[in-house]
>>> print(open('data-v4.cif').read())   # mmCIF, C-alpha atoms
data_my_file
loop_
_atom_site.label_atom_id
_atom_site.label_comp_id
_atom_site.auth_asym_id
_atom_site.auth_seq_id
_atom_site.Cartn_x
_atom_site.Cartn_y
_atom_site.Cartn_z
CA MET A 1 -3.44 34.65 -1.18
CA GLN A 2 -0.57 32.45 -2.33
CA LYS A 3 1.65 33.63 0.54
CA THR A 4 -1.11 32.87 3.05
CA LEU A 5 -1.62 29.39 1.60
CA LYS A 6 2.10 28.68 1.56
CA LYS A 7 2.31 29.60 5.25
CA LEU A 8 -0.74 27.45 5.96
CA PHE A 9 0.76 24.45 4.17
CA MET A 10 4.11 24.88 5.92
CA LEU A 11 2.42 24.89 9.33
CA GLY A 12 0.38 21.90 8.32
CA ALA A 13 3.43 20.03 7.09
CA LEU A 14 5.22 20.68 10.38
CA ALA A 15 2.30 19.33 12.37
CA LEU A 16 1.99 16.35 10.07
CA SER A 17 5.67 15.49 10.12
CA THR A 18 5.60 15.42 13.91
CA SER A 19 2.54 13.19 13.94
CA VAL A 20 3.91 10.84 11.30
CA ILE A 21 7.25 10.45 13.03
CA THR A 22 5.43 9.52 16.23
CA THR A 23 3.20 7.12 14.35
CA SER A 24 6.09 5.31 12.71
CA VAL A 25 8.07 4.82 15.92
CA ILE A 26 5.55 4.03 18.63
CA GLY A 27 3.29 1.02 18.90
CA ALA A 28 2.28 -2.03 16.92
CA THR A 29 -0.08 -2.28 14.00
CA SER A 30 -2.82 -4.73 13.11
CA TYR A 31 -4.47 -4.87 9.69
CA ALA A 32 -7.00 -6.75 7.62
CA ASN A 33 -8.14 -6.70 3.99
CA ASP A 34 -11.63 -5.64 5.06
CA GLY A 35 -11.55 -4.47 8.63
CA VAL A 36 -9.35 -2.04 10.50
CA ILE A 37 -5.77 -0.97 10.91
CA THR A 38 -4.95 0.28 14.38
CA ASP A 39 -2.62 3.22 14.75
CA GLU A 40 -1.45 2.64 18.31
CA SER A 41 0.31 6.00 18.60
CA ARG A 42 -3.02 7.82 18.17
CA ASN A 43 -5.15 5.05 19.70
CA ARG A 44 -7.11 5.16 16.46
CA THR A 45 -8.77 2.30 14.62
CA ILE A 46 -9.02 3.03 10.91
CA PRO A 47 -11.70 1.12 8.95
CA ILE A 48 -10.38 0.13 5.54
CA ASN A 49 -11.26 -2.08 2.60
CA ILE A 50 -8.40 -3.26 0.40
CA THR A 51 -9.17 -4.71 -3.04
CA LEU A 52 -6.60 -6.26 -5.35
CA PRO A 53 -6.44 -5.54 -9.07
CA SER A 54 -7.85 -8.08 -11.48
CA ASN A 55 -4.34 -8.73 -12.85
CA ASN A 56 -2.61 -8.86 -9.47
CA ALA A 57 -0.47 -11.83 -10.53
CA LYS A 58 1.43 -9.44 -12.79
CA CYS A 59 2.38 -7.16 -9.91
CA THR A 60 5.92 -7.76 -8.62
CA GLU A 61 8.55 -5.95 -6.62
CA GLN A 62 10.41 -5.38 -9.88
CA VAL A 63 7.36 -4.18 -11.85
CA LYS A 64 5.04 -2.60 -9.30
CA CYS A 65 1.36 -1.89 -9.87
CA PRO A 66 -0.25 1.45 -8.94
CA VAL A 67 -2.12 2.29 -5.75
CA ALA A 68 -5.31 4.33 -5.29
CA PHE A 69 -6.74 5.57 -2.00
CA ILE A 70 -10.50 6.16 -1.90
CA ASN A 71 -11.52 8.84 0.60
CA ALA A 72 -15.22 8.90 1.41
CA GLY A 73 -17.44 11.93 1.74
CA TYR A 74 -18.46 13.04 5.21
CA ARG A 75 -20.77 10.47 6.84
CA ILE A 76 -20.78 8.25 3.74
CA SER A 77 -19.43 4.71 4.03
CA HIS A 78 -15.93 4.16 2.70
CA ASN A 79 -17.45 1.17 0.87
CA GLY A 80 -19.85 3.45 -1.01
CA TYR A 81 -17.65 4.03 -4.05
CA THR A 82 -17.41 0.62 -5.69
CA PHE A 83 -17.86 2.17 -9.13
CA ALA A 84 -14.50 3.86 -8.57
CA SER A 85 -12.73 0.91 -6.98
CA ASN A 86 -13.91 -1.29 -9.86
CA ALA A 87 -12.50 1.18 -12.39
CA PHE A 88 -9.17 1.18 -10.58
CA ASN A 89 -9.04 -2.60 -10.08
CA GLN A 90 -9.76 -3.25 -13.74
CA ARG A 91 -6.78 -1.06 -14.64
CA GLY A 92 -4.29 -2.73 -12.35
CA TYR A 93 -4.63 -0.63 -9.21
CA LEU A 94 -4.59 -1.80 -5.62
CA THR A 95 -7.33 0.22 -3.91
CA ILE A 96 -7.58 1.16 -0.26
CA ALA A 97 -10.93 2.62 0.78
CA VAL A 98 -10.56 4.61 4.00
CA ALA A 99 -13.14 5.71 6.58
CA HIS A 100 -11.79 8.98 7.95
CA GLU A 101 -14.59 9.82 10.37
CA LEU A 102 -15.06 7.96 13.65
CA LYS A 103 -17.89 8.44 16.15
CA SER A 104 -15.40 9.84 18.64
CA ASP A 105 -14.25 12.59 16.25
CA PRO A 106 -15.51 16.17 16.53
CA TYR A 107 -18.27 17.12 14.12
CA LEU A 108 -17.14 18.75 10.91
CA ASN A 109 -16.90 22.48 11.54
CA ARG A 110 -19.73 24.50 9.98
CA GLU A 111 -18.21 27.95 10.47
CA GLN A 112 -16.33 29.86 7.81
CA PRO A 113 -13.65 30.34 6.65
CA TYR A 114 -13.51 26.59 6.00
CA LEU A 115 -9.92 26.76 4.80
CA THR A 116 -9.07 27.48 8.42
CA THR A 117 -11.86 25.93 10.48
CA ARG A 118 -11.73 22.51 8.76
CA MET A 119 -7.96 22.25 8.57
CA GLU A 120 -7.83 20.12 11.73
CA ASN A 121 -10.16 17.57 10.13
CA TRP A 122 -8.18 17.50 6.90
CA HIS A 123 -4.87 17.25 8.74
CA ARG A 124 -6.17 14.25 10.65
CA GLY A 125 -7.09 12.67 7.33
CA VAL A 126 -3.66 13.36 5.87
CA VAL A 127 -1.96 11.85 8.93
CA THR A 128 -4.15 8.77 8.48
CA LEU A 129 -3.20 8.45 4.81
CA LYS A 130 0.49 8.89 5.58
CA PHE A 131 0.27 6.25 8.28
CA LEU A 132 -1.41 3.83 5.87
CA VAL A 133 1.19 4.48 3.20
CA ASN A 134 3.99 3.72 5.65
CA GLU A 135 2.33 0.57 6.97
CA LEU A 136 0.89 -0.94 3.79
CA SER A 137 3.92 -0.37 1.58
CA SER A 138 5.73 -3.10 3.51
CA LYS A 139 2.68 -5.39 3.51
CA TYR A 140 2.19 -5.01 -0.25
CA PRO A 141 5.71 -4.71 -1.74
CA ALA A 142 4.46 -5.41 -5.28
CA TYR A 143 2.63 -2.07 -5.34
CA GLU A 144 3.89 1.47 -5.86
CA PHE A 145 3.23 3.62 -2.81
CA THR A 146 5.47 6.51 -3.87
CA LYS A 147 3.29 7.81 -6.73
CA LEU A 148 -0.24 7.64 -5.37
CA THR A 149 -3.62 8.22 -6.93
CA LEU A 150 -5.97 9.91 -4.48
CA PHE A 151 -9.72 9.73 -5.04
CA GLY A 152 -12.14 11.61 -2.81
CA HIS A 153 -15.72 12.80 -2.58
CA SER A 154 -16.59 16.10 -0.88
CA ASN A 155 -14.61 16.24 2.38
CA GLY A 156 -12.61 13.23 1.20
CA GLY A 157 -11.66 15.27 -1.84
CA ASP A 158 -10.54 18.12 0.41
CA ILE A 159 -8.30 15.67 2.28
CA SER A 160 -6.92 14.39 -1.04
CA ALA A 161 -6.16 17.92 -2.24
CA LEU A 162 -4.38 18.80 1.00
CA TYR A 163 -2.30 15.62 0.89
CA GLY A 164 -1.26 16.46 -2.66
CA SER A 165 -0.30 19.99 -1.60
CA ILE A 166 1.83 18.84 1.34
CA TYR A 167 3.35 15.75 -0.31
CA PRO A 168 3.42 16.65 -4.03
CA ASN A 169 6.31 14.31 -4.82
CA GLU A 170 4.30 11.31 -3.56
CA VAL A 171 1.16 11.93 -5.64
CA SER A 172 0.71 11.48 -9.38
CA THR A 173 -3.06 11.81 -9.74
CA ILE A 174 -6.00 13.31 -7.85
CA ILE A 175 -9.65 12.65 -8.70
CA THR A 176 -12.36 14.44 -6.73
CA LEU A 177 -16.13 14.38 -6.74
CA ASP A 178 -17.37 17.90 -6.04
CA HIS A 179 -14.95 18.78 -3.23
CA ARG A 180 -15.61 22.44 -2.45
CA ARG A 181 -13.27 23.80 0.21
CA MET A 182 -9.59 22.88 -0.28
CA LEU A 183 -7.71 24.39 -3.22
CA ILE A 184 -6.73 22.06 -6.05
CA PRO A 185 -2.90 21.79 -6.14
CA ARG A 186 -1.41 23.89 -8.91
CA ASN A 187 1.34 21.44 -9.83
CA LYS A 188 2.46 20.43 -13.32
CA ASN A 189 3.37 16.94 -12.09
CA ILE A 190 -0.05 16.09 -10.63
CA ARG A 191 -2.89 15.24 -12.99
CA VAL A 192 -6.28 16.25 -11.62
CA LEU A 193 -9.84 15.43 -12.56
CA THR A 194 -12.62 17.06 -10.58
CA LEU A 195 -16.25 16.23 -11.37
CA ARG A 196 -18.49 19.09 -10.35
CA GLY A 197 -22.04 18.84 -9.03
CA SER A 198 -24.68 21.34 -10.10
CA ASP A 199 -26.29 22.34 -6.82
CA TYR A 200 -23.49 24.03 -4.83
CA PRO A 201 -20.58 26.26 -5.87
CA ALA A 202 -17.00 25.72 -4.78
CA ASP A 203 -15.35 28.24 -2.47
CA ALA A 204 -13.16 30.97 -3.92
CA ASN A 205 -9.95 29.77 -5.64
CA VAL A 206 -10.72 26.07 -5.11
CA LEU A 207 -11.04 25.62 -8.87
CA LEU A 208 -8.62 26.87 -11.50
CA ASN A 209 -9.36 29.87 -13.67
CA ASP A 210 -8.92 29.79 -17.44
CA SER A 211 -5.32 30.96 -17.41
CA GLU A 212 -4.40 28.38 -14.78
CA LEU A 213 -6.11 25.62 -16.76
CA ASP A 214 -3.74 26.45 -19.62
CA LYS A 215 -0.74 25.87 -17.33
CA PHE A 216 -1.67 22.82 -15.27
CA PRO A 217 -2.94 19.28 -16.12
CA VAL A 218 -6.34 19.81 -14.50
CA THR A 219 -9.72 18.81 -15.92
CA GLN A 220 -12.83 20.39 -14.39
CA THR A 221 -16.03 18.74 -15.60
CA LEU A 222 -19.49 19.94 -14.65
CA ILE A 223 -22.16 17.22 -14.61
CA GLU A 224 -25.47 18.92 -15.33
CA LYS A 225 -28.37 18.14 -12.97
CA SER A 226 -26.13 16.26 -10.57
CA ARG A 227 -26.35 16.73 -6.82
CA HIS A 228 -23.42 16.88 -4.43
CA ASN A 229 -24.88 14.33 -2.02
CA ASP A 230 -25.68 11.84 -4.81
CA MET A 231 -22.11 11.41 -6.04
CA TYR A 232 -21.56 7.90 -4.70
CA ASP A 233 -22.92 4.37 -5.30
CA GLY A 234 -26.27 5.34 -3.80
CA GLY A 235 -26.91 8.09 -6.33
CA PRO A 236 -29.14 7.72 -9.41
CA LYS A 237 -27.92 5.15 -11.92
CA TRP A 238 -27.40 7.69 -14.68
CA LEU A 239 -25.08 9.69 -12.42
CA VAL A 240 -23.08 6.67 -11.25
CA ASP A 241 -22.72 5.57 -14.88
CA ARG A 242 -21.57 9.06 -15.91
CA MET A 243 -19.03 9.28 -13.09
CA SER A 244 -17.72 5.81 -13.97
CA LYS A 245 -17.32 6.86 -17.60
CA GLU A 246 -15.50 10.07 -16.68
CA VAL A 247 -13.12 8.34 -14.24
CA GLU A 248 -12.38 5.49 -16.65
CA GLY A 249 -11.74 7.88 -19.53
CA PHE A 250 -9.41 9.98 -17.42
CA LEU A 251 -7.42 6.96 -16.25
CA ASP A 252 -7.20 5.59 -19.78
CA SER A 253 -5.92 8.92 -21.12
CA LYS A 254 -2.91 9.12 -18.80
CA ASN A 255 -0.62 7.73 -21.47
#
>>> encode(input="data-v4.cif", output="structure tokens")
Amino acid sequence: MQKTLKKLFMLGALALSTSVITTSVIGATSYANDGVITDESRNRTIPINITLPSNNAKCTEQVKCPVAFINAGYRISHNGYTFASNAFNQRGYLTIAVAHELKSDPYLNREQPYLTTRMENWHRGVVTLKFLVNELSSKYPAYEFTKLTLFGHSNGGDISALYGSIYPNEVSTIITLDHRRMLIPRNKNIRVLTLRGSDYPADANVLLNDSELDKFPVTQTLIEKSRHNDMYDGGPKWLVDRMSKEVEGFLDSKN
């Protein structure tokens, strides 16, 4: 299994590096705090929402503040995770909420094995994140874009996990809400929190087994009576409060 995944990641990295090189060389870019960034090389408008930390005056090029990308679940608004962006902002993070799915995109593949059939979707998401990192790092020089925190729900969590697998040296933390398809990176330098819903299981090897949990800084927390599709702002208040508490506690424990 590990050899197959390594080959898969290497192929993905090759495709991504080609796309990112093209992105960084060709075309102009437009951006807004709450609007879109246009990747001219892919003719792709990327809806985003950028929120500054509450202590942004303390962020400088000499002492940079952290950055968190929020990756929405499939067909959920990228602005549907304010409980997470608030937790990040209160702790000094610049947050960038990203809408990965456009109306012109193919539908998410429903055929198994998902680790293969959905790779195109996840790769597109990783290319988008890499593009945003390259573009926004120059626009926001007081923020650290080389040690990212990636937050994602469902398919957005799969994208986050793939990004961390391909670019492990650029990611410090991954937080997912019940992502179920892409394997969590087994990397001692990436802290991971994954909050698990109660209604659907994850695919084989997505989560760590007991021996792996002893080796890697991964926390897997089951939230009883929670539903996969409710794990965003629109879910029941008790669930949003619980997710907020878990995310805040995890961020506060990093030191």
>>> resolve_selection(input="data-v4.cif", expression="the PyMOL selection byres ((chain A and resi 227-243) around 10)", output="VMD selection string")
chain A and resid 72 to 74 76 to 77 79 to 84 153 to 154 177 to 180 195 to 201 223 to 226 244 to 249
>>> residues_around(input="data-v4.cif", residues="A:Ile70", least_positions_apart="2", cutoff="12 Å", atoms="all atoms listed in the file", output="PyMOL selection string")
chain A and resi 48-51+67-68+72-73+76-88+93-100+125+129+148-157+159-160+174-177+232
>>> closest_residue(input="data-v4.cif", among="A:Pro47, A:Gly92, A:Gly35, A:Pro217", to="A:Glu144", atoms="all atoms listed in the file")
A:Gly92
>>> atom_distance(input="data-v4.cif", atom1="atom CA of A:Asn205", atom2="atom CA of A:Phe69")
24.7 Å
>>> atom_distance(input="data-v4.cif", atom1="atom CA of A:Pro141", atom2="atom CA of A:Glu61")
5.8 Å
>>> atom_distance(input="data-v4.cif", atom1="atom CA of A:Asn134", atom2="atom CA of A:Ile190")
20.8 Å
>>> closest_residue(input="data-v4.cif", among="A:Thr128, A:Ser137, A:Asn187, A:Thr194", to="A:Arg42", atoms="all atoms listed in the file")
A:Thr128
>>> closest_residue(input="data-v4.cif", among="A:Leu207, A:Leu222, A:Leu162, A:Cys65", to="A:Met119", atoms="all atoms listed in the file")
A:Leu162
>>> resolve_selection(input="data-v4.cif", expression="the PyMOL selection byres ((chain A and resi 165) around 12)", output="PyMOL selection string")
chain A and resi 5-6+8-10+12-13+122-123+126+150+158-164+166-174+182-187+189-190
>>> write_last_selection(input="data-v4.cif", atoms="C-alpha atoms", output="short mmCIF file (atom, residue, chain, number, x, y, z; two decimals), in the frame of the given file")
data_model
loop_
_atom_site.label_atom_id
_atom_site.label_comp_id
_atom_site.auth_asym_id
_atom_site.auth_seq_id
_atom_site.Cartn_x
_atom_site.Cartn_y
_atom_site.Cartn_z
CA LEU A 5 -1.62 29.39 1.60
CA LYS A 6 2.10 28.68 1.56
CA LEU A 8 -0.74 27.45 5.96
CA PHE A 9 0.76 24.45 4.17
CA MET A 10 4.11 24.88 5.92
CA GLY A 12 0.38 21.90 8.32
CA ALA A 13 3.43 20.03 7.09
CA TRP A 122 -8.18 17.50 6.90
CA HIS A 123 -4.87 17.25 8.74
CA VAL A 126 -3.66 13.36 5.87
CA LEU A 150 -5.97 9.91 -4.48
CA ASP A 158 -10.54 18.12 0.41
CA ILE A 159 -8.30 15.67 2.28
CA SER A 160 -6.92 14.39 -1.04
CA ALA A 161 -6.16 17.92 -2.24
CA LEU A 162 -4.38 18.80 1.00
CA TYR A 163 -2.30 15.62 0.89
CA GLY A 164 -1.26 16.46 -2.66
CA ILE A 166 1.83 18.84 1.34
CA TYR A 167 3.35 15.75 -0.31
CA PRO A 168 3.42 16.65 -4.03
CA ASN A 169 6.31 14.31 -4.82
CA GLU A 170 4.30 11.31 -3.56
CA VAL A 171 1.16 11.93 -5.64
CA SER A 172 0.71 11.48 -9.38
CA THR A 173 -3.06 11.81 -9.74
CA ILE A 174 -6.00 13.31 -7.85
CA MET A 182 -9.59 22.88 -0.28
CA LEU A 183 -7.71 24.39 -3.22
CA ILE A 184 -6.73 22.06 -6.05
CA PRO A 185 -2.90 21.79 -6.14
CA ARG A 186 -1.41 23.89 -8.91
CA ASN A 187 1.34 21.44 -9.83
CA ASN A 189 3.37 16.94 -12.09
CA ILE A 190 -0.05 16.09 -10.63
#
>>> decode(input="data-v4.cif", residues="stretch 96-129 of chain A", atoms="N, CA and C atoms", output="mmCIF file, in the first residue's frame")
data_model
loop_
_atom_site.group_PDB
_atom_site.id
_atom_site.type_symbol
_atom_site.label_atom_id
_atom_site.label_comp_id
_atom_site.auth_asym_id
_atom_site.auth_seq_id
_atom_site.Cartn_x
_atom_site.Cartn_y
_atom_site.Cartn_z
ATOM 1 N N ILE A 96 -7.620 32.481 5.087
ATOM 2 C CA ILE A 96 -8.068 32.576 3.697
ATOM 3 C C ILE A 96 -9.054 31.442 3.452
ATOM 4 N N ALA A 97 -10.331 31.784 3.339
ATOM 5 C CA ALA A 97 -11.352 30.786 3.032
ATOM 6 C C ALA A 97 -11.456 30.658 1.517
ATOM 7 N N VAL A 98 -11.414 29.435 1.018
ATOM 8 C CA VAL A 98 -11.308 29.189 -0.417
ATOM 9 C C VAL A 98 -12.498 28.362 -0.907
ATOM 10 N N ALA A 99 -13.121 28.813 -1.998
ATOM 11 C CA ALA A 99 -14.149 28.018 -2.674
ATOM 12 C C ALA A 99 -13.475 27.228 -3.786
ATOM 13 N N HIS A 100 -13.398 25.929 -3.635
ATOM 14 C CA HIS A 100 -12.687 25.106 -4.610
ATOM 15 C C HIS A 100 -13.555 24.669 -5.780
ATOM 16 N N GLU A 101 -14.868 24.669 -5.603
ATOM 17 C CA GLU A 101 -15.741 24.136 -6.645
ATOM 18 C C GLU A 101 -16.439 25.264 -7.392
ATOM 19 N N LEU A 102 -16.286 25.280 -8.708
ATOM 20 C CA LEU A 102 -16.974 26.229 -9.571
ATOM 21 C C LEU A 102 -18.049 25.496 -10.372
ATOM 22 N N LYS A 103 -19.029 26.242 -10.866
ATOM 23 C CA LYS A 103 -20.115 25.623 -11.636
ATOM 24 C C LYS A 103 -19.602 24.928 -12.893
ATOM 25 N N SER A 104 -18.495 25.395 -13.407
ATOM 26 C CA SER A 104 -17.938 24.813 -14.630
ATOM 27 C C SER A 104 -17.132 23.536 -14.378
ATOM 28 N N ASP A 105 -16.877 23.212 -13.111
ATOM 29 C CA ASP A 105 -16.088 22.025 -12.787
ATOM 30 C C ASP A 105 -16.913 20.747 -12.964
ATOM 31 N N PRO A 106 -16.245 19.632 -13.259
ATOM 32 C CA PRO A 106 -16.964 18.352 -13.293
ATOM 33 C C PRO A 106 -17.524 18.021 -11.910
ATOM 34 N N TYR A 107 -18.602 17.260 -11.883
ATOM 35 C CA TYR A 107 -19.141 16.816 -10.607
ATOM 36 C C TYR A 107 -18.127 15.910 -9.908
ATOM 37 N N LEU A 108 -18.175 15.901 -8.599
ATOM 38 C CA LEU A 108 -17.301 15.039 -7.824
ATOM 39 C C LEU A 108 -17.602 13.573 -8.171
ATOM 40 N N ASN A 109 -16.570 12.827 -8.479
ATOM 41 C CA ASN A 109 -16.742 11.456 -8.927
ATOM 42 C C ASN A 109 -17.327 10.574 -7.826
ATOM 43 N N ARG A 110 -18.333 9.787 -8.160
ATOM 44 C CA ARG A 110 -19.017 8.939 -7.186
ATOM 45 C C ARG A 110 -18.606 7.476 -7.295
ATOM 46 N N GLU A 111 -17.628 7.174 -8.128
ATOM 47 C CA GLU A 111 -17.210 5.786 -8.313
ATOM 48 C C GLU A 111 -15.941 5.501 -7.507
ATOM 49 N N GLN A 112 -15.882 4.314 -6.954
ATOM 50 C CA GLN A 112 -14.700 3.886 -6.226
ATOM 51 C C GLN A 112 -13.698 3.238 -7.192
ATOM 52 N N PRO A 113 -12.400 3.199 -6.825
ATOM 53 C CA PRO A 113 -11.822 3.659 -5.568
ATOM 54 C C PRO A 113 -11.592 5.171 -5.574
ATOM 55 N N TYR A 114 -12.060 5.855 -4.545
ATOM 56 C CA TYR A 114 -12.007 7.309 -4.506
ATOM 57 C C TYR A 114 -10.577 7.845 -4.505
ATOM 58 N N LEU A 115 -9.662 7.052 -3.950
ATOM 59 C CA LEU A 115 -8.271 7.503 -3.915
ATOM 60 C C LEU A 115 -7.722 7.713 -5.318
ATOM 61 N N THR A 116 -8.337 7.082 -6.282
ATOM 62 C CA THR A 116 -7.974 7.265 -7.689
ATOM 63 C C THR A 116 -8.954 8.185 -8.412
ATOM 64 N N THR A 117 -10.245 7.915 -8.267
ATOM 65 C CA THR A 117 -11.234 8.623 -9.083
ATOM 66 C C THR A 117 -11.398 10.088 -8.689
ATOM 67 N N ARG A 118 -11.063 10.444 -7.450
ATOM 68 C CA ARG A 118 -11.204 11.843 -7.017
ATOM 69 C C ARG A 118 -9.880 12.599 -7.005
ATOM 70 N N MET A 119 -8.822 11.943 -7.437
ATOM 71 C CA MET A 119 -7.514 12.584 -7.386
ATOM 72 C C MET A 119 -7.469 13.834 -8.261
ATOM 73 N N GLU A 120 -8.155 13.822 -9.393
ATOM 74 C CA GLU A 120 -8.171 15.007 -10.254
ATOM 75 C C GLU A 120 -8.764 16.206 -9.515
ATOM 76 N N ASN A 121 -9.847 15.986 -8.799
ATOM 77 C CA ASN A 121 -10.470 17.057 -8.023
ATOM 78 C C ASN A 121 -9.519 17.572 -6.950
ATOM 79 N N TRP A 122 -8.903 16.667 -6.224
ATOM 80 C CA TRP A 122 -7.991 17.075 -5.154
ATOM 81 C C TRP A 122 -6.770 17.786 -5.707
ATOM 82 N N HIS A 123 -6.251 17.292 -6.818
ATOM 83 C CA HIS A 123 -5.092 17.945 -7.451
ATOM 84 C C HIS A 123 -5.437 19.378 -7.844
ATOM 85 N N ARG A 124 -6.624 19.570 -8.401
ATOM 86 C CA ARG A 124 -7.035 20.919 -8.766
ATOM 87 C C ARG A 124 -7.066 21.816 -7.533
ATOM 88 N N GLY A 125 -7.538 21.272 -6.426
ATOM 89 C CA GLY A 125 -7.553 22.032 -5.176
ATOM 90 C C GLY A 125 -6.161 22.365 -4.681
ATOM 91 N N VAL A 126 -5.240 21.413 -4.804
ATOM 92 C CA VAL A 126 -3.868 21.661 -4.369
ATOM 93 C C VAL A 126 -3.205 22.718 -5.245
ATOM 94 N N VAL A 127 -3.438 22.656 -6.558
ATOM 95 C CA VAL A 127 -2.900 23.678 -7.459
ATOM 96 C C VAL A 127 -3.445 25.054 -7.078
ATOM 97 N N THR A 128 -4.725 25.114 -6.732
ATOM 98 C CA THR A 128 -5.321 26.380 -6.307
ATOM 99 C C THR A 128 -4.652 26.896 -5.041
ATOM 100 N N LEU A 129 -4.453 26.033 -4.061
ATOM 101 C CA LEU A 129 -3.806 26.461 -2.824
ATOM 102 C C LEU A 129 -2.376 26.930 -3.079
#
